[in-house]
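Worksheet: one structure, shown below.
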Amino acid sequence: MQSDPEKRRQGLETMAQVYGWPEVGDGPGDFFGYTVEHLFAEIWERPGLSFRDRRLLLLGLLVGRGLHDVIPIQLDAALANEELTADELREIVILMAHYAGWPDGAKLNSQVEAALSKKR
């Protein structure tokens with residue numbers, strides 16, 4: 001991969017903003033490069049959807065696919081960036097339980113409550 005220093009800088013900044021981290025350290029390899037320069041510098045910065053919109057879609061996808069190991073990262077970021085409130089997250093749980101299935105909804109409920117208890 002031919003790295004673009006400006007996209008790299010922008011991608012690292014956007015990645016930090018998306019996840020509510022103070023900063024993101026640079027990493028090696030093409031996988032990290034594409035993640036930063038394409039996903040975060042280009043895709044997350046496209047017009048048409050807010051970070052909140054993208055976060056909601058991502059949460060739905062993660063729950064629907066049963067990828068619960070990365071959901072806490074998204075929940076923490078949504079709370080840190082004030083994209084979703086406690087009431088909204090709890091409402092998401094109810095909707096997801098009915099569409100993704102009760103076991104996935106129950107798991108999400110536990111993850112939401114854990115994220116909210118850390119935020120207090």
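The chains in the structure tokens are called A, B, ... from first to last as shown; in each chain the residues are counted from 1, and the ligands are counted from 1 in the order shown.
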
Subject >> Non-local contacts of Ser3 (chain A) (9 Å; only C-alpha atoms; under 4 positions in same chain excluded) as a PyMOL selection string >> reply: chain A and resi 7-8+30+33-34+37

Would you save the residues of that selection, restricted to all heavy atoms, as an mmCIF file, in the first residue's frame?
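Printed below is out.cif as written:
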data_model
loop_
_atom_site.group_PDB
_atom_site.id
_atom_site.type_symbol
_atom_site.label_atom_id
_atom_site.label_comp_id
_atom_site.auth_asym_id
_atom_site.auth_seq_id
_atom_site.Cartn_x
_atom_site.Cartn_y
_atom_site.Cartn_z
ATOM 1 N N LYS A 7 -3.861 11.683 4.431
ATOM 2 C CA LYS A 7 -4.968 10.782 4.767
ATOM 3 C C LYS A 7 -4.670 10.021 6.053
ATOM 4 O O LYS A 7 -5.563 9.759 6.847
ATOM 5 C CB LYS A 7 -5.233 9.786 3.635
ATOM 6 C CG LYS A 7 -6.082 10.336 2.542
ATOM 7 C CD LYS A 7 -6.493 9.226 1.601
ATOM 8 C CE LYS A 7 -7.368 9.797 0.505
ATOM 9 N NZ LYS A 7 -7.764 8.758 -0.444
ATOM 10 N N ARG A 8 -3.419 9.663 6.242
ATOM 11 C CA ARG A 8 -3.019 8.952 7.455
ATOM 12 C C ARG A 8 -3.299 9.820 8.670
ATOM 13 O O ARG A 8 -3.896 9.369 9.648
ATOM 14 C CB ARG A 8 -1.532 8.597 7.364
ATOM 15 C CG ARG A 8 -1.025 7.680 8.427
ATOM 16 C CD ARG A 8 -1.568 6.275 8.212
ATOM 17 N NE ARG A 8 -0.688 5.283 8.772
ATOM 18 C CZ ARG A 8 -0.413 4.135 8.205
ATOM 19 N NH1 ARG A 8 -0.917 3.823 7.039
ATOM 20 N NH2 ARG A 8 0.350 3.270 8.805
ATOM 21 N N ASP A 30 -0.253 -3.039 5.965
ATOM 22 C CA ASP A 30 -1.296 -2.571 5.057
ATOM 23 C C ASP A 30 -2.683 -2.609 5.686
ATOM 24 O O ASP A 30 -3.502 -1.737 5.415
ATOM 25 C CB ASP A 30 -1.299 -3.400 3.774
ATOM 26 C CG ASP A 30 -0.121 -3.077 2.864
ATOM 27 O OD1 ASP A 30 0.598 -2.083 3.127
ATOM 28 O OD2 ASP A 30 0.078 -3.818 1.887
ATOM 29 N N GLY A 33 -3.051 0.392 7.643
ATOM 30 C CA GLY A 33 -3.058 1.516 6.709
ATOM 31 C C GLY A 33 -4.401 1.704 6.023
ATOM 32 O O GLY A 33 -4.930 2.817 5.957
ATOM 33 N N TYR A 34 -4.986 0.617 5.517
ATOM 34 C CA TYR A 34 -6.295 0.719 4.872
ATOM 35 C C TYR A 34 -7.377 1.099 5.874
ATOM 36 O O TYR A 34 -8.297 1.859 5.555
ATOM 37 C CB TYR A 34 -6.670 -0.593 4.178
ATOM 38 C CG TYR A 34 -5.947 -0.812 2.873
ATOM 39 C CD1 TYR A 34 -5.063 -1.871 2.718
ATOM 40 C CD2 TYR A 34 -6.137 0.044 1.799
ATOM 41 C CE1 TYR A 34 -4.389 -2.079 1.525
ATOM 42 C CE2 TYR A 34 -5.470 -0.148 0.594
ATOM 43 C CZ TYR A 34 -4.599 -1.214 0.463
ATOM 44 O OH TYR A 34 -3.938 -1.406 -0.720
ATOM 45 N N GLU A 37 -6.542 4.984 6.565
ATOM 46 C CA GLU A 37 -6.609 5.889 5.416
ATOM 47 C C GLU A 37 -7.894 5.752 4.600
ATOM 48 O O GLU A 37 -8.331 6.718 3.985
ATOM 49 C CB GLU A 37 -5.390 5.695 4.528
ATOM 50 C CG GLU A 37 -4.109 6.118 5.235
ATOM 51 C CD GLU A 37 -2.868 5.947 4.379
ATOM 52 O OE1 GLU A 37 -2.933 6.122 3.145
ATOM 53 O OE2 GLU A 37 -1.809 5.618 4.965
#

**OP:** Quick one: pick out all helix (DSSP H, G or I) residues within region 4-119 of chain A from a backbone DSSP run and write them as an MDAnalysis selection string.
**Re:** chainID A and resid 5:19 29:43 51:64 71:80 86:100 102:119

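Using only C-alpha atoms, the shortest contact distance between Ala77 (chain A) and any of A:Leu49, A:Leu59, A:Ala106, A:Leu12 is found at A:Leu59.
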
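Each of A:Asp69, A:Asp76, A:Asp26, A:Glu6 was checked against Glu42 (chain A) using only C-alpha atoms; the smallest atom-to-atom distance is that of A:Glu6.
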
**OP:** Could you give me, as a ChimeraX atom specification, the residues within 12 Å of Arg65 (chain A), counting only C-alpha atoms and dropping anything in the same chain fewer than 6 positions from it?
**Re:** /A:58-59,71,96,99-101,104-105

Subject >> Non-local contacts of Gly11 (chain A) (7 Å; only C-alpha atoms; under 6 positions in same chain excluded) as a PyMOL selection string >> reply: chain A and resi 36-37+40-41

Would you save the residues from that selection as a PDB file, in the first residue's frame, using N, CA, C and O atoms?
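The new file selection30.pdb reads:
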ATOM      1  N   VAL A  36      -7.067   2.955   8.551  1.00  0.00           N
ATOM      2  CA  VAL A  36      -6.939   4.375   8.890  1.00  0.00           C
ATOM      3  C   VAL A  36      -7.210   5.267   7.679  1.00  0.00           C
ATOM      4  O   VAL A  36      -8.010   6.195   7.751  1.00  0.00           O
ATOM      5  N   GLU A  37      -6.542   4.984   6.565  1.00  0.00           N
ATOM      6  CA  GLU A  37      -6.609   5.889   5.416  1.00  0.00           C
ATOM      7  C   GLU A  37      -7.894   5.752   4.600  1.00  0.00           C
ATOM      8  O   GLU A  37      -8.331   6.718   3.985  1.00  0.00           O
ATOM      9  N   PHE A  40     -11.408   5.271   7.988  1.00  0.00           N
ATOM     10  CA  PHE A  40     -11.612   6.451   8.833  1.00  0.00           C
ATOM     11  C   PHE A  40     -11.411   7.776   8.105  1.00  0.00           C
ATOM     12  O   PHE A  40     -12.157   8.723   8.343  1.00  0.00           O
ATOM     13  N   ALA A  41     -10.440   7.887   7.211  1.00  0.00           N
ATOM     14  CA  ALA A  41     -10.225   9.159   6.512  1.00  0.00           C
ATOM     15  C   ALA A  41     -11.263   9.394   5.416  1.00  0.00           C
ATOM     16  O   ALA A  41     -11.574  10.541   5.109  1.00  0.00           O
TER      17      ALA A  41
END

Arg55 (chain A) environment, 10 Å, only C-alpha atoms, sequence neighbours closer than 6 positions dropped, as a PDB file with N, CA, C and O atoms, in the first residue's frame:
ATOM      1  N   VAL A  18     -13.947   9.064  16.585  1.00  0.00           N
ATOM      2  CA  VAL A  18     -15.000   8.047  16.533  1.00  0.00           C
ATOM      3  C   VAL A  18     -15.043   7.239  17.821  1.00  0.00           C
ATOM      4  O   VAL A  18     -16.110   6.952  18.355  1.00  0.00           O
ATOM      5  N   LEU A  49     -24.258  10.936   6.408  1.00  0.00           N
ATOM      6  CA  LEU A  49     -24.577  10.295   7.678  1.00  0.00           C
ATOM      7  C   LEU A  49     -23.684  10.895   8.760  1.00  0.00           C
ATOM      8  O   LEU A  49     -22.495  11.101   8.539  1.00  0.00           O
ATOM      9  N   LEU A  61     -25.647  -3.927  13.117  1.00  0.00           N
ATOM     10  CA  LEU A  61     -24.922  -4.961  12.389  1.00  0.00           C
ATOM     11  C   LEU A  61     -24.202  -5.907  13.346  1.00  0.00           C
ATOM     12  O   LEU A  61     -24.267  -7.133  13.193  1.00  0.00           O
ATOM     13  N   GLN A  74     -18.043   0.035  20.936  1.00  0.00           N
ATOM     14  CA  GLN A  74     -18.985   0.962  20.312  1.00  0.00           C
ATOM     15  C   GLN A  74     -19.870   1.654  21.346  1.00  0.00           C
ATOM     16  O   GLN A  74     -20.156   2.845  21.231  1.00  0.00           O
ATOM     17  N   LEU A  75     -20.299   0.914  22.355  1.00  0.00           N
ATOM     18  CA  LEU A  75     -21.129   1.516  23.406  1.00  0.00           C
ATOM     19  C   LEU A  75     -20.355   2.581  24.179  1.00  0.00           C
ATOM     20  O   LEU A  75     -20.872   3.678  24.426  1.00  0.00           O
ATOM     21  N   ALA A  77     -17.821   4.299  23.172  1.00  0.00           N
ATOM     22  CA  ALA A  77     -17.590   5.443  22.296  1.00  0.00           C
ATOM     23  C   ALA A  77     -18.856   6.276  22.131  1.00  0.00           C
ATOM     24  O   ALA A  77     -18.803   7.517  22.155  1.00  0.00           O
ATOM     25  N   ALA A  78     -19.998   5.626  21.965  1.00  0.00           N
ATOM     26  CA  ALA A  78     -21.269   6.353  21.819  1.00  0.00           C
ATOM     27  C   ALA A  78     -21.557   7.198  23.054  1.00  0.00           C
ATOM     28  O   ALA A  78     -22.038   8.330  22.942  1.00  0.00           O
ATOM     29  N   GLU A  83     -23.265  10.591  21.737  1.00  0.00           N
ATOM     30  CA  GLU A  83     -24.079  10.312  20.547  1.00  0.00           C
ATOM     31  C   GLU A  83     -25.395   9.636  20.917  1.00  0.00           C
ATOM     32  O   GLU A  83     -26.388   9.795  20.216  1.00  0.00           O
ATOM     33  N   LEU A  84     -25.378   8.856  21.988  1.00  0.00           N
ATOM     34  CA  LEU A  84     -26.564   8.139  22.441  1.00  0.00           C
ATOM     35  C   LEU A  84     -26.695   8.277  23.951  1.00  0.00           C
ATOM     36  O   LEU A  84     -25.703   8.224  24.676  1.00  0.00           O
TER      37      LEU A  84
END

Subject >> Test item: residues at most 7 Å from region 109-113 of chain A, only C-alpha atoms, excluding those fewer than 6 positions along its chain, as a PyMOL selection string >> reply: chain A and resi 72+75+89+93

Please save C-alpha atoms of the selected residues as a CSV table (one decimal), in the first residue's frame.
chain,number,residue,atom,x,y,z
A,72,PRO,CA,-18.6,-2.7,24.3
A,75,LEU,CA,-21.1,1.5,23.4
A,89,LEU,CA,-29.4,2.7,24.4
A,93,VAL,CA,-31.9,-3.1,23.4

Subject >> Nearby residues (only C-alpha atoms) at most 9 Å from Trp21 (chain A), same-chain spacing under 4 positions excluded, as a list in words >> reply: Met15, Ala16, Gln17, Ala77 and Ala80 of chain A

Preceding selection exported with all heavy atoms as an mmCIF file, in the first residue's frame:
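Final output, out.cif:
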data_model
loop_
_atom_site.group_PDB
_atom_site.id
_atom_site.type_symbol
_atom_site.label_atom_id
_atom_site.label_comp_id
_atom_site.auth_asym_id
_atom_site.auth_seq_id
_atom_site.Cartn_x
_atom_site.Cartn_y
_atom_site.Cartn_z
ATOM 1 N N MET A 15 -10.329 8.407 13.649
ATOM 2 C CA MET A 15 -10.421 7.184 14.444
ATOM 3 C C MET A 15 -10.472 7.529 15.931
ATOM 4 O O MET A 15 -11.289 6.964 16.680
ATOM 5 C CB MET A 15 -9.242 6.270 14.133
ATOM 6 C CG MET A 15 -9.327 4.895 14.721
ATOM 7 S SD MET A 15 -7.869 3.941 14.191
ATOM 8 C CE MET A 15 -8.383 2.308 14.605
ATOM 9 N N ALA A 16 -9.622 8.431 16.360
ATOM 10 C CA ALA A 16 -9.626 8.857 17.764
ATOM 11 C C ALA A 16 -10.965 9.508 18.120
ATOM 12 O O ALA A 16 -11.528 9.247 19.187
ATOM 13 C CB ALA A 16 -8.469 9.815 18.027
ATOM 14 N N GLN A 17 -11.490 10.332 17.222
ATOM 15 C CA GLN A 17 -12.766 11.007 17.452
ATOM 16 C C GLN A 17 -13.910 9.988 17.508
ATOM 17 O O GLN A 17 -14.756 10.045 18.404
ATOM 18 C CB GLN A 17 -13.025 12.026 16.355
ATOM 19 C CG GLN A 17 -14.282 12.841 16.558
ATOM 20 C CD GLN A 17 -14.503 13.835 15.424
ATOM 21 O OE1 GLN A 17 -13.717 13.943 14.495
ATOM 22 N NE2 GLN A 17 -15.600 14.553 15.504
ATOM 23 N N ALA A 77 -17.821 4.299 23.172
ATOM 24 C CA ALA A 77 -17.590 5.443 22.296
ATOM 25 C C ALA A 77 -18.856 6.276 22.131
ATOM 26 O O ALA A 77 -18.803 7.517 22.155
ATOM 27 C CB ALA A 77 -17.080 4.971 20.933
ATOM 28 N N ALA A 80 -19.159 8.213 25.338
ATOM 29 C CA ALA A 80 -18.093 9.217 25.477
ATOM 30 C C ALA A 80 -18.318 10.398 24.538
ATOM 31 O O ALA A 80 -18.053 11.542 24.895
ATOM 32 C CB ALA A 80 -16.732 8.581 25.200
#

Subject >> Closest of A:Pro103, A:Pro28, A:Gly20, A:Pro5 to Gly66 (chain A) - atom-to-atom distances counting only C-alpha atoms >> reply: A:Pro103

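Note that the spacing between CA of Leu39 (chain A) and CA of Asp53 (chain A) amounts to 15.5 Å.
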